[in-house]
Amino acid sequence: MNLIYTRTKTIQEDKVSGFCPGCMHSTVIKLIGEVIEELNVVDKTCCITGIGCCGLHMDYIAYDTITAPHGRACAVATGIKRTNPESLVFTYQGDGDLAAIGLAETLSAANRGENFTVIFVNNGIYGMTGGQMAPTTLIGMKASTAPAGRNAKEHGYPMHMCELMNVLTAPYYLVRTSCNTPANVTRTKNAIKQAFKNQLEGKGFSMVEIVTSCPTNWGMDALSALDFIQDKMLAEFPLGVIRDKSKEAD
Amino acid sequence: MTRIFMKGCEAIAEAAVRAGCRFFAGYPITPQNEIPEYFARRMPEVGGVFIQGESEIASVNMVYGAASSGTRAMTSSSSCGISLKSEGISYAASARIPMVYCNVQRGGPGVGAIQPAQQDYFQATKAGGNGGFRMMVFAPSTVQEAIDLTYGAFDYADRDRNPVLILADGVIGTMMEPVSLPEMKPESEIEAIKQSKLKWACVGHELDYPNRSWIEPGHWNTADMQKANEEALKVYEAWEVNDVKVEEYMIDDAEVVLSAYGISGRIAAAAVDKLRAAGIKAGLIRPITVSPFPYSSYDKIDYKKCKGILSIEMSIPAQFAEDVKSAVKERCLVSTCLCSGGNIMSEQAVIDGVKKIMEGRV
Amino acid sequence: METNLCVAGFGGQGIMTLGKFLADTVCHRTEKNVTFFPSYGAEQRGGTANCYVVISDGKIGAPLGEVMDELIIMNEPSLKKFLKTLKSGGTLFLNNSLINCEVEREDITLIEIPATQMALEIGNIKVLNIVMLGVYIGYTGILSEEAVWKTIEENLSRKASLLPLNKKAYEAGLAYGRERRGK
Ligand SMILES: Cc1ncc(C[n+]2csc(CCOP(=O)(O)OP(=O)(O)O)c2C)c(N)n1
C-alpha cells in the first residue's frame, strides 16, 4: 500500500486542540504546518501569534512561537526578523488583533515592507472573548456589543485589509482566500506557500487573508457557517490576488 | 427593597447608568466582557453613548474626551488592558478630568490568566500611570458593594476632578448575587451635574481668553507644573481625613487579626466566623478604600493581646501586605497567606495560616 | 446551614441554566443568601462547563468552596474532575446515561439517574437539565417544588410553547427524586 497522506509532523501527536467544532483555525494551522514541512524550514520557523483563538494552537504545534501582546504581532515580528533575517517569520492574527487594536502596527509594518508574512484569519468576529463586533463584522450581523447588528451609520463598514494595504507602495503580495470548499483550502495552501517563498527570497511583505467561520459566535452549526461564508462573507470580501509584484512588468 | 439577581459586571454597569454615566467606551477582554456588552444594550435606552474602541488606548482616550465635555463617563478592562489605559488615566489625572474606570482583575503579569486574581494592587494604589498621581480606589467584596461603590464613585470623581478606580476581580465580576439597586438619577439631575462643569468643560466658550476651557495634561512652565501637583496633593491629603472606608470586624478582643480586601476580604470574613466558632478570637480589617488606605484601623488592635496579623491576598509576590506592614509599624508579627495565577483564595488555607500564628509556628 | 453545590458537564447541556434556576429561586422566593459562580475558560466550546451555587442562612464567603456538599454531574470528564471535591457523606447526582465508569467512592450517597434517556423519552434532549433539576429538588427538598417551577416558568415566558415539555421533564425528575429519597 502507498502512503498518500499523513498528519503533518508540525503538530504534536498527543495533544488535543481547544478549537470549537467547525472552527477553521485548525484547518489553517494544518496548512501552515504542511507548507513549513514541504519547504523544509521547520528549523527556522518562528510564529508570532496574536491574542485570541489564534493563539489556541500554541500548545500543540512543534515549531517556535512567540505570543505578542494583543495587536502587536507585527511589531514583535519586525524585531525578530530584523535581528534574525535567516528565519521564516510569520504572524498569525485574528481580525480584532490585526485590524482593530493592532491596525497601526499592521499598517506600519506593511508600509516598511518588512520581510515577513502575515497570516490573517478573518472570521468577522471576536472569537475568544465571546462574539463582540470586529472591524470585519458584516453590516447587519449581530455581535454581543452590537446587539441590533452592525449598522454603517454608527459602526462604519467592514474593513478590507488587503485593499487598504494595496494603496501602500511596499507590500509585495496581498491575497485573499477562504477555507469553505476543498478547492479553496488548496488555494489557501498555495497562497501560504507563495507568501513563505517570497519571504525566503527576500521579496518583502506578504499577507494572506483567509476568510473563515466562527460557528460558535455566529450562532450556527458548522455547515450553515459554510453557506454563510459563501453567500455573505465572500460577497463582502471577494477572493483573489489583490497584488502580486512578481507578476508586475518591470 | 426588592431583591434582584445580578452578575457583578452587569451590576457595575447598571449602577453607573443610574449614577448618570452617559458615555462608555471599552475593548473586549475576559473577565469583564459583560460590562461593555451591558452598556451596548443599555445606553441606547437612556440616550447615552456606547462605543467599542479599537483598543484600550483608544477607549480610555475616548472617555478622556467625553469626560472633558462634562459628561459622566466610564471605561473598564482587566489587568493587561488596564496597563494600556494607564496613558489616558494619567492624562486625566494631570488635566483633572473626572472619570471612573473599573479593573476586573485577572492573573498576571503579561497576558496572565483569565481567571480571577489580585495582582494589580500596586498599579492600582500607587502608580496607575506615569507621574505619581493618586486616585481613590474602591475594592468591593460583594456584588452589592460593587453597585454602591460604583454609584458613589462618580460623585467622588466630580468632586475631586480626578479619576476613580473600582478595583474588582474575576470573581466579583462574574458571580451573581441578590442585590438591590439604587435609584435612577433623574435626567434633570444628570443635566445639572453636566451644567455644573461648564466652567471648565471643553464645549465652546465665549471669546474670552482667561475663561475659555483649556484641558491641560501638563505644563511647559515648570512652576505651573509644580503648582498643579501641589494642588493635587491637597486633594489627596483630604481623602485621608474624610474618605477612608473600612470594615472592622471583631478586632477589639482579637488574638489574631486577618486583613484582606475585595474577594479575599469576604473569604477572610467567613474564616473569622469559623475561627470564632472554634474558640479562636479572630478579627478582620477589610479596607474598602485601598487608596486612601485605612492605616488608623490598625491602631485599634490591642497589641498586648494580638499574636499576629495574617495578610491575605490573591497575589504572589505579596503587595497589599506592604501596606498592612506599614500600618502595623512592627507592633506585632505580620505573616501572609497568598495564592496566584488565577487560583481563588482557599478558606482552609486562611484558617491554617491563623492556626500557625496561634501556635507560634511562624 | 450552608449548602455548597457544583454542577458540571459538557457545554450545551444546560449546566449554567440549571445552576441559575436554582440560585434565582433562592433569591426571589426565599430570604436566604445565595451566590452563583460560573467557571469560565479561554475556549468558547469544548471541555467541561461547570458552575457553583452556595445557599446559606448566613453570610457567604467564597462563592465556590473547596469541599462540595453535593455534586450534579452530567458527563464522564466532569466525574473524573470533581468527584474528589465531594465531602465524605455528600451526595452525588449522576447522569448515568453518559457514564460508563465506576464511581470509586464508598463514603458518599450515589443517586444515579438515566437523565439523558429520560429527556429523550420525554421528547427532547434539551430538557436534560430540567430533569436533573427536578431530581435534585425532589430528593433534597432544599427549595419548594412550586417555587422552582415558578422560576422555570418565568424564564421561559418568552418561549411559552416549550413550557409543557419542561413541565413534563421537571415532574418526571421530581418523581424520580422523591422516590429515591423514600428508599
Ligand atoms: C490588551 C488586551 N486587550 C484585550 C485582550 C482580550 N482579548 C483576548 S482575545 C481577544 C479577541 C480576539 O479576537 P480576534 O483577533 O478576532 O481573534 P479570534 O479569537 O477570532 O481568533 C481579546 C480582545 C487582551 N488579551 N489584551
# chains A, B, ... in the order shown; residues from 1 in each chain; ligands from 1
$ select_by_dssp --residues "segment 71-199 of chain A" --states "alpha helix (DSSP H)" --output "CSV table (one decimal) with all heavy atoms, in the first residue's frame"
chain,number,residue,atom,x,y,z
A,73,ALA,N,1.6,42.0,17.1
A,73,ALA,CA,2.3,40.9,16.5
A,73,ALA,C,3.3,41.4,15.4
A,73,ALA,O,4.5,40.9,15.3
A,73,ALA,CB,1.4,39.8,15.9
A,74,CYS,N,2.9,42.3,14.6
A,74,CYS,CA,3.7,42.8,13.5
A,74,CYS,C,4.9,43.6,14.1
A,74,CYS,O,6.0,43.6,13.4
A,74,CYS,CB,2.9,43.7,12.5
A,74,CYS,SG,1.9,42.7,11.4
A,75,ALA,N,4.8,44.2,15.2
A,75,ALA,CA,5.9,44.9,15.8
A,75,ALA,C,6.9,43.9,16.3
A,75,ALA,O,8.1,44.0,16.1
A,75,ALA,CB,5.4,45.8,16.9
A,76,VAL,N,6.4,42.8,17.0
A,76,VAL,CA,7.2,41.8,17.5
A,76,VAL,C,7.9,41.1,16.4
A,76,VAL,O,9.2,40.8,16.4
A,76,VAL,CB,6.4,40.8,18.4
A,76,VAL,CG1,7.3,39.6,18.8
A,76,VAL,CG2,5.8,41.5,19.6
A,77,ALA,N,7.2,40.8,15.3
A,77,ALA,CA,7.8,40.1,14.1
A,77,ALA,C,8.9,41.0,13.5
A,77,ALA,O,9.9,40.5,13.1
A,77,ALA,CB,6.7,39.9,13.1
A,78,THR,N,8.7,42.3,13.5
A,78,THR,CA,9.7,43.2,13.0
A,78,THR,C,11.0,43.0,13.7
A,78,THR,O,12.1,42.9,13.1
A,78,THR,CB,9.2,44.7,13.1
A,78,THR,OG1,8.0,44.8,12.3
A,78,THR,CG2,10.3,45.6,12.5
A,79,GLY,N,10.9,43.0,15.1
A,79,GLY,CA,12.1,42.8,15.9
A,79,GLY,C,12.8,41.5,15.6
A,79,GLY,O,14.0,41.4,15.5
A,80,ILE,N,12.0,40.4,15.5
A,80,ILE,CA,12.6,39.1,15.3
A,80,ILE,C,13.2,39.0,13.9
A,80,ILE,O,14.4,38.6,13.8
A,80,ILE,CB,11.5,38.0,15.4
A,80,ILE,CG1,11.3,37.6,16.9
A,80,ILE,CG2,11.8,36.8,14.6
A,80,ILE,CD1,12.3,36.7,17.4
A,81,LYS,N,12.5,39.5,12.9
A,81,LYS,CA,13.0,39.3,11.6
A,81,LYS,C,14.3,40.2,11.3
A,81,LYS,O,15.2,39.7,10.7
A,81,LYS,CB,11.9,39.6,10.6
A,81,LYS,CG,12.3,39.4,9.1
A,81,LYS,CD,12.4,37.9,8.8
A,81,LYS,CE,12.9,37.7,7.4
A,81,LYS,NZ,12.8,36.3,7.0
A,82,ARG,N,14.3,41.4,11.9
A,82,ARG,CA,15.4,42.3,11.7
A,82,ARG,C,16.7,41.7,12.3
A,82,ARG,O,17.8,42.0,11.9
A,82,ARG,CB,15.1,43.7,12.2
A,82,ARG,CG,14.0,44.3,11.5
A,82,ARG,CD,14.5,45.1,10.3
A,82,ARG,NE,13.3,45.8,9.7
A,82,ARG,CZ,13.4,47.2,9.4
A,82,ARG,NH1,14.5,47.8,9.6
A,82,ARG,NH2,12.3,47.7,8.9
A,83,THR,N,16.5,41.0,13.4
A,83,THR,CA,17.7,40.5,14.1
A,83,THR,C,18.0,39.1,13.7
A,83,THR,O,19.0,38.6,14.1
A,83,THR,CB,17.4,40.6,15.7
A,83,THR,OG1,16.2,39.9,16.0
A,83,THR,CG2,17.3,42.0,16.2
A,95,ASP,N,-9.0,39.0,13.3
A,95,ASP,CA,-9.4,40.3,12.8
A,95,ASP,C,-9.4,41.4,13.9
A,95,ASP,O,-9.0,42.6,13.6
A,95,ASP,CB,-10.7,40.3,12.1
A,95,ASP,CG,-11.7,39.3,12.8
A,95,ASP,OD1,-11.9,39.5,14.0
A,95,ASP,OD2,-12.2,38.4,12.2
A,103,LEU,N,-4.1,47.8,14.3
A,103,LEU,CA,-4.1,48.4,13.0
A,103,LEU,C,-2.8,49.2,12.7
A,103,LEU,O,-2.2,49.1,11.6
A,103,LEU,CB,-5.3,49.3,12.8
A,103,LEU,CG,-5.5,49.9,11.4
A,103,LEU,CD1,-5.7,48.8,10.4
A,103,LEU,CD2,-6.7,50.8,11.4
A,104,ALA,N,-2.4,50.0,13.7
A,104,ALA,CA,-1.2,50.9,13.5
A,104,ALA,C,0.0,50.0,13.3
A,104,ALA,O,0.8,50.2,12.3
A,104,ALA,CB,-1.0,51.8,14.7
A,105,GLU,N,0.2,49.0,14.1
A,105,GLU,CA,1.3,48.1,14.0
A,105,GLU,C,1.3,47.4,12.6
A,105,GLU,O,2.3,47.2,12.0
A,105,GLU,CB,1.4,47.1,15.1
A,105,GLU,CG,1.9,47.6,16.4
A,105,GLU,CD,0.8,48.4,17.2
A,105,GLU,OE1,-0.4,48.5,16.7
A,105,GLU,OE2,1.1,49.0,18.2
A,106,THR,N,0.1,46.9,12.2
A,106,THR,CA,0.0,46.1,11.0
A,106,THR,C,0.3,47.0,9.8
A,106,THR,O,1.2,46.6,8.9
A,106,THR,CB,-1.5,45.6,10.8
A,106,THR,OG1,-1.8,45.0,12.0
A,106,THR,CG2,-1.6,44.7,9.7
A,107,LEU,N,-0.3,48.2,9.7
A,107,LEU,CA,-0.1,49.0,8.5
A,107,LEU,C,1.4,49.5,8.5
A,107,LEU,O,2.0,49.7,7.4
A,107,LEU,CB,-1.1,50.2,8.5
A,107,LEU,CG,-2.5,49.8,8.1
A,107,LEU,CD1,-3.4,51.0,8.1
A,107,LEU,CD2,-2.6,49.1,6.8
A,108,SER,N,1.9,49.8,9.7
A,108,SER,CA,3.3,50.4,9.7
A,108,SER,C,4.3,49.3,9.2
A,108,SER,O,5.2,49.6,8.5
A,108,SER,CB,3.6,50.8,11.1
A,108,SER,OG,2.7,51.8,11.5
A,109,ALA,N,4.1,48.1,9.6
A,109,ALA,CA,5.0,47.0,9.1
A,109,ALA,C,4.8,46.8,7.6
A,109,ALA,O,5.8,46.7,6.9
A,109,ALA,CB,4.7,45.7,9.9
A,110,ALA,N,3.6,46.8,7.2
A,110,ALA,CA,3.4,46.7,5.7
A,110,ALA,C,4.0,47.8,5.0
A,110,ALA,O,4.6,47.7,3.9
A,110,ALA,CB,1.9,46.6,5.4
A,111,ASN,N,3.9,49.0,5.5
A,111,ASN,CA,4.4,50.2,4.8
A,111,ASN,C,5.9,50.2,4.8
A,111,ASN,O,6.6,50.7,3.9
A,111,ASN,CB,3.9,51.5,5.6
A,111,ASN,CG,4.2,52.7,4.8
A,111,ASN,OD1,4.0,52.8,3.6
A,111,ASN,ND2,4.8,53.7,5.4
A,112,ARG,N,6.5,49.6,5.8
A,112,ARG,CA,8.0,49.5,5.8
A,112,ARG,C,8.5,48.3,4.9
A,112,ARG,O,9.6,48.2,4.7
A,112,ARG,CB,8.5,49.2,7.3
A,112,ARG,CG,8.4,50.3,8.2
A,112,ARG,CD,9.2,50.0,9.5
A,112,ARG,NE,8.7,48.8,10.2
A,112,ARG,CZ,7.9,48.8,11.2
A,112,ARG,NH1,7.3,49.9,11.6
A,112,ARG,NH2,7.5,47.6,11.7
A,152,ALA,N,-24.0,50.8,9.5
A,152,ALA,CA,-23.0,51.6,8.9
A,152,ALA,C,-22.9,53.0,9.6
A,152,ALA,O,-21.8,53.5,9.8
A,152,ALA,CB,-23.2,51.7,7.4
A,153,LYS,N,-24.0,53.5,9.9
A,153,LYS,CA,-24.1,54.9,10.4
A,153,LYS,C,-23.2,55.0,11.7
A,153,LYS,O,-22.5,56.0,11.9
A,153,LYS,CB,-25.5,55.3,10.7
A,153,LYS,CG,-25.7,56.7,10.7
A,153,LYS,CD,-27.1,57.1,10.4
A,153,LYS,CE,-27.3,58.6,10.7
A,153,LYS,NZ,-28.1,58.9,11.8
A,154,GLU,N,-23.4,54.0,12.6
A,154,GLU,CA,-22.7,54.0,13.9
A,154,GLU,C,-21.4,53.4,13.9
A,154,GLU,O,-20.4,53.9,14.5
A,154,GLU,CB,-23.6,53.3,14.9
A,154,GLU,CG,-23.3,53.7,16.3
A,154,GLU,CD,-24.2,52.9,17.3
A,154,GLU,OE1,-25.4,52.6,16.9
A,154,GLU,OE2,-23.8,52.7,18.4
A,155,HIS,N,-21.2,52.3,13.1
A,155,HIS,CA,-20.0,51.5,13.2
A,155,HIS,C,-19.1,51.5,12.0
A,155,HIS,O,-18.1,50.9,12.0
A,155,HIS,CB,-20.4,50.0,13.5
A,155,HIS,CG,-21.3,49.8,14.7
A,155,HIS,ND1,-22.5,49.3,14.6
A,155,HIS,CD2,-21.2,50.2,16.0
A,155,HIS,CE1,-23.1,49.2,15.8
A,155,HIS,NE2,-22.3,49.8,16.6
A,161,MET,N,-8.8,44.7,4.6
A,161,MET,CA,-7.4,44.9,4.9
A,161,MET,C,-6.5,44.8,3.7
A,161,MET,O,-5.6,45.6,3.5
A,161,MET,CB,-6.9,44.0,6.0
A,161,MET,CG,-7.5,44.4,7.4
A,161,MET,SD,-7.2,46.1,7.9
A,161,MET,CE,-5.4,46.1,8.0
A,162,CYS,N,-6.8,43.8,2.8
A,162,CYS,CA,-5.9,43.7,1.6
A,162,CYS,C,-6.0,44.9,0.8
A,162,CYS,O,-5.0,45.5,0.3
A,162,CYS,CB,-6.4,42.5,0.8
A,162,CYS,SG,-5.8,40.9,1.4
A,163,GLU,N,-7.2,45.4,0.6
A,163,GLU,CA,-7.4,46.6,-0.3
A,163,GLU,C,-6.8,47.8,0.4
A,163,GLU,O,-6.2,48.7,-0.3
A,163,GLU,CB,-8.9,46.9,-0.5
A,163,GLU,CG,-9.6,45.9,-1.5
A,163,GLU,CD,-9.9,44.5,-0.8
A,163,GLU,OE1,-9.6,44.3,0.3
A,163,GLU,OE2,-10.5,43.7,-1.6
A,164,LEU,N,-6.9,47.9,1.7
A,164,LEU,CA,-6.3,49.0,2.4
A,164,LEU,C,-4.7,49.0,2.2
A,164,LEU,O,-4.1,50.0,2.0
A,164,LEU,CB,-6.6,48.9,3.9
A,164,LEU,CG,-6.5,50.1,4.8
A,164,LEU,CD1,-7.3,51.2,4.3
A,164,LEU,CD2,-7.0,49.7,6.2
A,165,MET,N,-4.2,47.8,2.3
A,165,MET,CA,-2.7,47.7,2.1
A,165,MET,C,-2.3,48.0,0.7
A,165,MET,O,-1.2,48.4,0.4
A,165,MET,CB,-2.2,46.4,2.6
A,165,MET,CG,-2.2,46.3,4.0
A,165,MET,SD,-1.4,44.7,4.5
A,165,MET,CE,-1.6,44.7,6.2
A,182,PRO,N,-13.2,22.5,-0.6
A,182,PRO,CA,-11.9,21.8,-0.7
A,182,PRO,C,-11.0,22.6,-1.7
A,182,PRO,O,-9.8,22.7,-1.5
A,182,PRO,CB,-12.3,20.4,-1.3
A,182,PRO,CG,-13.6,20.2,-0.8
A,182,PRO,CD,-14.3,21.5,-0.7
A,183,ALA,N,-11.6,23.1,-2.8
A,183,ALA,CA,-10.8,23.9,-3.8
A,183,ALA,C,-10.1,25.1,-3.1
A,183,ALA,O,-9.0,25.4,-3.3
A,183,ALA,CB,-11.6,24.3,-5.0
A,184,ASN,N,-10.9,25.8,-2.3
A,184,ASN,CA,-10.4,27.0,-1.6
A,184,ASN,C,-9.4,26.6,-0.6
A,184,ASN,O,-8.4,27.4,-0.3
A,184,ASN,CB,-11.6,27.8,-1.0
A,184,ASN,CG,-12.2,28.7,-2.0
A,184,ASN,OD1,-11.6,28.9,-3.1
A,184,ASN,ND2,-13.5,29.1,-1.8
A,185,VAL,N,-9.5,25.5,0.1
A,185,VAL,CA,-8.5,25.0,1.0
A,185,VAL,C,-7.1,24.9,0.3
A,185,VAL,O,-6.1,25.4,0.7
A,185,VAL,CB,-8.9,23.7,1.7
A,185,VAL,CG1,-7.7,23.2,2.5
A,185,VAL,CG2,-10.1,24.0,2.6
A,186,THR,N,-7.2,24.3,-0.9
A,186,THR,CA,-6.0,24.1,-1.7
A,186,THR,C,-5.4,25.4,-2.1
A,186,THR,O,-4.2,25.7,-2.0
A,186,THR,CB,-6.3,23.3,-3.0
A,186,THR,OG1,-7.0,22.1,-2.5
A,186,THR,CG2,-5.1,22.9,-3.7
A,187,ARG,N,-6.3,26.4,-2.5
A,187,ARG,CA,-5.8,27.7,-2.9
A,187,ARG,C,-5.1,28.4,-1.7
A,187,ARG,O,-4.1,29.1,-1.8
A,187,ARG,CB,-7.0,28.6,-3.4
A,187,ARG,CG,-7.4,28.1,-4.8
A,187,ARG,CD,-8.4,29.1,-5.4
A,187,ARG,NE,-9.0,28.5,-6.6
A,187,ARG,CZ,-10.2,28.0,-6.6
A,187,ARG,NH1,-11.0,28.2,-5.6
A,187,ARG,NH2,-10.7,27.4,-7.7
A,188,THR,N,-5.7,28.2,-0.5
A,188,THR,CA,-5.2,28.8,0.7
A,188,THR,C,-3.8,28.3,0.9
A,188,THR,O,-2.8,29.0,1.2
A,188,THR,CB,-6.0,28.6,1.9
A,188,THR,OG1,-7.3,29.1,1.7
A,188,THR,CG2,-5.4,29.1,3.1
A,189,LYS,N,-3.6,27.0,0.8
A,189,LYS,CA,-2.3,26.4,1.0
A,189,LYS,C,-1.3,26.9,0.0
A,189,LYS,O,-0.2,27.3,0.4
A,189,LYS,CB,-2.4,24.9,0.9
A,189,LYS,CG,-1.1,24.2,1.1
A,189,LYS,CD,-1.2,22.7,1.3
A,189,LYS,CE,0.1,22.0,1.3
A,189,LYS,NZ,0.0,20.6,1.3
A,190,ASN,N,-1.7,27.0,-1.3
A,190,ASN,CA,-0.8,27.6,-2.3
A,190,ASN,C,-0.4,29.0,-2.0
A,190,ASN,O,0.7,29.4,-2.2
A,190,ASN,CB,-1.4,27.5,-3.7
A,190,ASN,CG,-1.6,26.0,-4.1
A,190,ASN,OD1,-0.9,25.2,-3.6
A,190,ASN,ND2,-2.5,25.8,-5.1
A,191,ALA,N,-1.4,29.8,-1.5
A,191,ALA,CA,-1.1,31.2,-1.2
A,191,ALA,C,-0.1,31.3,0.0
A,191,ALA,O,0.8,32.1,-0.1
A,191,ALA,CB,-2.4,31.9,-0.9
A,192,ILE,N,-0.3,30.4,1.0
A,192,ILE,CA,0.6,30.5,2.1
A,192,ILE,C,2.0,30.1,1.6
A,192,ILE,O,3.0,30.7,2.0
A,192,ILE,CB,0.2,29.5,3.2
A,192,ILE,CG1,-1.2,30.0,3.8
A,192,ILE,CG2,1.2,29.4,4.3
A,192,ILE,CD1,-1.8,29.0,4.8
A,193,LYS,N,2.1,29.1,0.8
A,193,LYS,CA,3.4,28.6,0.2
A,193,LYS,C,4.1,29.8,-0.5
A,193,LYS,O,5.2,30.1,-0.4
A,193,LYS,CB,3.2,27.4,-0.7
A,193,LYS,CG,4.5,26.6,-0.9
A,193,LYS,CD,4.1,25.4,-1.6
A,193,LYS,CE,5.0,24.2,-1.1
A,193,LYS,NZ,4.5,22.9,-1.6
A,194,GLN,N,3.3,30.4,-1.4
A,194,GLN,CA,3.8,31.5,-2.2
A,194,GLN,C,4.3,32.6,-1.3
A,194,GLN,O,5.4,33.1,-1.5
A,194,GLN,CB,2.7,32.1,-3.1
A,194,GLN,CG,3.1,33.2,-4.0
A,194,GLN,CD,4.3,32.7,-4.9
A,194,GLN,OE1,4.1,31.6,-5.6
A,194,GLN,NE2,5.4,33.4,-5.0
A,195,ALA,N,3.6,33.0,-0.2
A,195,ALA,CA,4.0,34.0,0.7
A,195,ALA,C,5.2,33.7,1.4
A,195,ALA,O,6.1,34.5,1.6
A,195,ALA,CB,2.8,34.3,1.7
A,196,PHE,N,5.4,32.4,1.8
A,196,PHE,CA,6.6,32.0,2.5
A,196,PHE,C,7.8,32.0,1.6
A,196,PHE,O,8.9,32.4,2.0
A,196,PHE,CB,6.4,30.6,3.1
A,196,PHE,CG,5.6,30.6,4.4
A,196,PHE,CD1,5.3,29.4,5.1
A,196,PHE,CD2,5.1,31.7,5.0
A,196,PHE,CE1,4.6,29.3,6.3
A,196,PHE,CE2,4.4,31.7,6.2
A,196,PHE,CZ,4.1,30.5,6.8
A,197,LYS,N,7.5,31.6,0.3
A,197,LYS,CA,8.6,31.6,-0.6
A,197,LYS,C,9.1,33.0,-0.9
A,197,LYS,O,10.3,33.3,-1.0
A,197,LYS,CB,8.2,31.0,-2.0
A,197,LYS,CG,8.2,29.5,-2.0
A,197,LYS,CD,7.9,29.0,-3.4
A,197,LYS,CE,7.9,27.5,-3.6
A,197,LYS,NZ,7.1,27.1,-4.8
A,198,ASN,N,8.2,33.9,-1.0
A,198,ASN,CA,8.5,35.3,-1.2
A,198,ASN,C,9.5,35.8,-0.1
A,198,ASN,O,10.5,36.4,-0.3
A,198,ASN,CB,7.3,36.2,-1.1
A,198,ASN,CG,6.4,36.0,-2.3
A,198,ASN,OD1,6.7,35.5,-3.3
A,198,ASN,ND2,5.1,36.5,-2.2
A,199,GLN,N,9.1,35.4,1.1
A,199,GLN,CA,9.9,35.8,2.2
A,199,GLN,C,11.3,35.2,2.2
A,199,GLN,O,12.3,35.9,2.4
A,199,GLN,CB,9.3,35.4,3.6
A,199,GLN,CG,10.0,35.9,4.8
A,199,GLN,CD,9.4,35.4,6.1
A,199,GLN,OE1,10.2,35.3,7.1
A,199,GLN,NE2,8.2,35.1,6.1
$ residues_near_ligand --ligand "ligand 1" --cutoff "9 Å" --atoms "only C-alpha atoms and all ligand atoms" --output "PDB file with C-alpha atoms, in the first residue's frame"
ATOM      1  CA  HIS A  25      -8.262  27.823  12.733  1.00  0.00           C
ATOM      2  CA  GLY A  50      -1.721  37.402  18.276  1.00  0.00           C
ATOM      3  CA  ILE A  51      -4.047  37.159  21.230  1.00  0.00           C
ATOM      4  CA  GLY A  52      -7.308  35.372  20.609  1.00  0.00           C
ATOM      5  CA  CYS A  53      -8.347  31.971  19.400  1.00  0.00           C
ATOM      6  CA  CYS A  54      -5.463  32.431  17.003  1.00  0.00           C
ATOM      7  CA  GLY A  55      -3.278  31.541  19.995  1.00  0.00           C
ATOM      8  CA  LEU A  56      -5.041  28.337  20.971  1.00  0.00           C
ATOM      9  CA  PRO A  69       0.701  41.456  23.253  1.00  0.00           C
ATOM     10  CA  HIS A  70      -2.739  41.935  21.736  1.00  0.00           C
ATOM     11  CA  GLY A  71      -2.370  43.672  18.366  1.00  0.00           C
ATOM     12  CA  GLN A  93      -3.635  37.015  13.809  1.00  0.00           C
ATOM     13  CA  GLY A  94      -7.390  37.385  14.065  1.00  0.00           C
ATOM     14  CA  ASP A  95      -9.375  40.339  12.814  1.00  0.00           C
ATOM     15  CA  GLY A  96      -9.676  42.074  16.171  1.00  0.00           C
ATOM     16  CA  ASP A  97      -5.992  41.646  16.781  1.00  0.00           C
ATOM     17  CA  LEU A  98      -4.812  42.683  13.324  1.00  0.00           C
ATOM     18  CA  ALA A  99      -7.362  45.269  12.242  1.00  0.00           C
ATOM     19  CA  ALA A 100      -8.597  46.903  15.474  1.00  0.00           C
ATOM     20  CA  ILE A 101      -6.118  47.103  18.305  1.00  0.00           C
ATOM     21  CA  VAL A 121      -7.651  34.824   9.885  1.00  0.00           C
ATOM     22  CA  ASN A 122     -10.780  36.848   9.204  1.00  0.00           C
ATOM     23  CA  ASN A 123     -13.808  35.313  10.874  1.00  0.00           C
ATOM     24  CA  GLY A 124     -15.713  38.562  11.132  1.00  0.00           C
ATOM     25  CA  ILE A 125     -15.982  38.472  14.914  1.00  0.00           C
ATOM     26  CA  TYR A 126     -14.042  38.391  18.166  1.00  0.00           C
ATOM     27  CA  GLY A 127     -13.825  34.698  18.818  1.00  0.00           C
ATOM     28  CA  MET A 128     -12.146  34.145  22.149  1.00  0.00           C
ATOM     29  CA  THR A 129     -13.899  36.830  24.145  1.00  0.00           C
ATOM     30  CA  GLY A 130     -17.306  35.667  23.002  1.00  0.00           C
ATOM     31  CA  GLY A 131     -18.620  37.309  19.851  1.00  0.00           C
ATOM     32  CA  GLN A 132     -18.061  41.033  20.094  1.00  0.00           C
ATOM     33  CA  MET A 133     -18.044  43.160  16.954  1.00  0.00           C
ATOM     34  CA  ALA A 134     -14.846  43.126  14.890  1.00  0.00           C
ATOM     35  CA  PRO A 135     -13.696  45.615  12.247  1.00  0.00           C
ATOM     36  CA  THR A 136     -14.662  42.970   9.676  1.00  0.00           C
ATOM     37  CA  CYS A 214     -16.778  31.087  13.743  1.00  0.00           C
TER      38      CYS A 214
ATOM     39  CA  TYR B  27     -12.465  46.950  24.421  1.00  0.00           C
ATOM     40  CA  PRO B  28     -13.255  43.238  24.896  1.00  0.00           C
ATOM     41  CA  ILE B  29     -11.271  41.316  27.479  1.00  0.00           C
ATOM     42  CA  THR B  30     -12.246  38.475  29.791  1.00  0.00           C
ATOM     43  CA  PRO B  31     -13.497  38.537  32.567  1.00  0.00           C
ATOM     44  CA  SER B  55      -8.117  49.183  21.620  1.00  0.00           C
ATOM     45  CA  GLU B  56      -7.889  50.044  25.292  1.00  0.00           C
ATOM     46  CA  ILE B  57      -5.723  53.006  24.406  1.00  0.00           C
ATOM     47  CA  SER B  77     -10.946  46.479  31.376  1.00  0.00           C
ATOM     48  CA  SER B  78      -8.924  43.757  33.020  1.00  0.00           C
ATOM     49  CA  SER B  79      -5.293  43.719  34.098  1.00  0.00           C
ATOM     50  CA  CYS B  80      -3.207  43.781  30.885  1.00  0.00           C
ATOM     51  CA  GLY B  81      -5.793  46.036  29.276  1.00  0.00           C
ATOM     52  CA  ILE B  82      -5.599  48.375  32.261  1.00  0.00           C
ATOM     53  CA  SER B  83      -1.871  48.777  31.615  1.00  0.00           C
ATOM     54  CA  LEU B  84      -2.732  50.170  28.190  1.00  0.00           C
ATOM     55  CA  GLY B 110       1.621  39.892  30.963  1.00  0.00           C
ATOM     56  CA  VAL B 111      -1.429  38.377  29.360  1.00  0.00           C
ATOM     57  CA  GLY B 112      -1.515  36.254  32.527  1.00  0.00           C
ATOM     58  CA  ILE B 114      -8.152  34.972  32.552  1.00  0.00           C
TER      59      ILE B 114
ATOM     60  CA  ALA C  42     -10.404  30.655  27.286  1.00  0.00           C
TER      61      ALA C  42
END
$ select_by_dssp --residues "segment 60-132 of chain C" --states "strand (DSSP E)" --output "list in words"
Met68, Asp69, Glu70, Leu71, Ile72, Ile73, Leu86, Lys87, Ser88, Gly89, Gly90, Thr91, Leu92, Phe93, Leu94, Asn95, Thr109, Leu110, Ile111, Glu112 and Ile113 of chain C
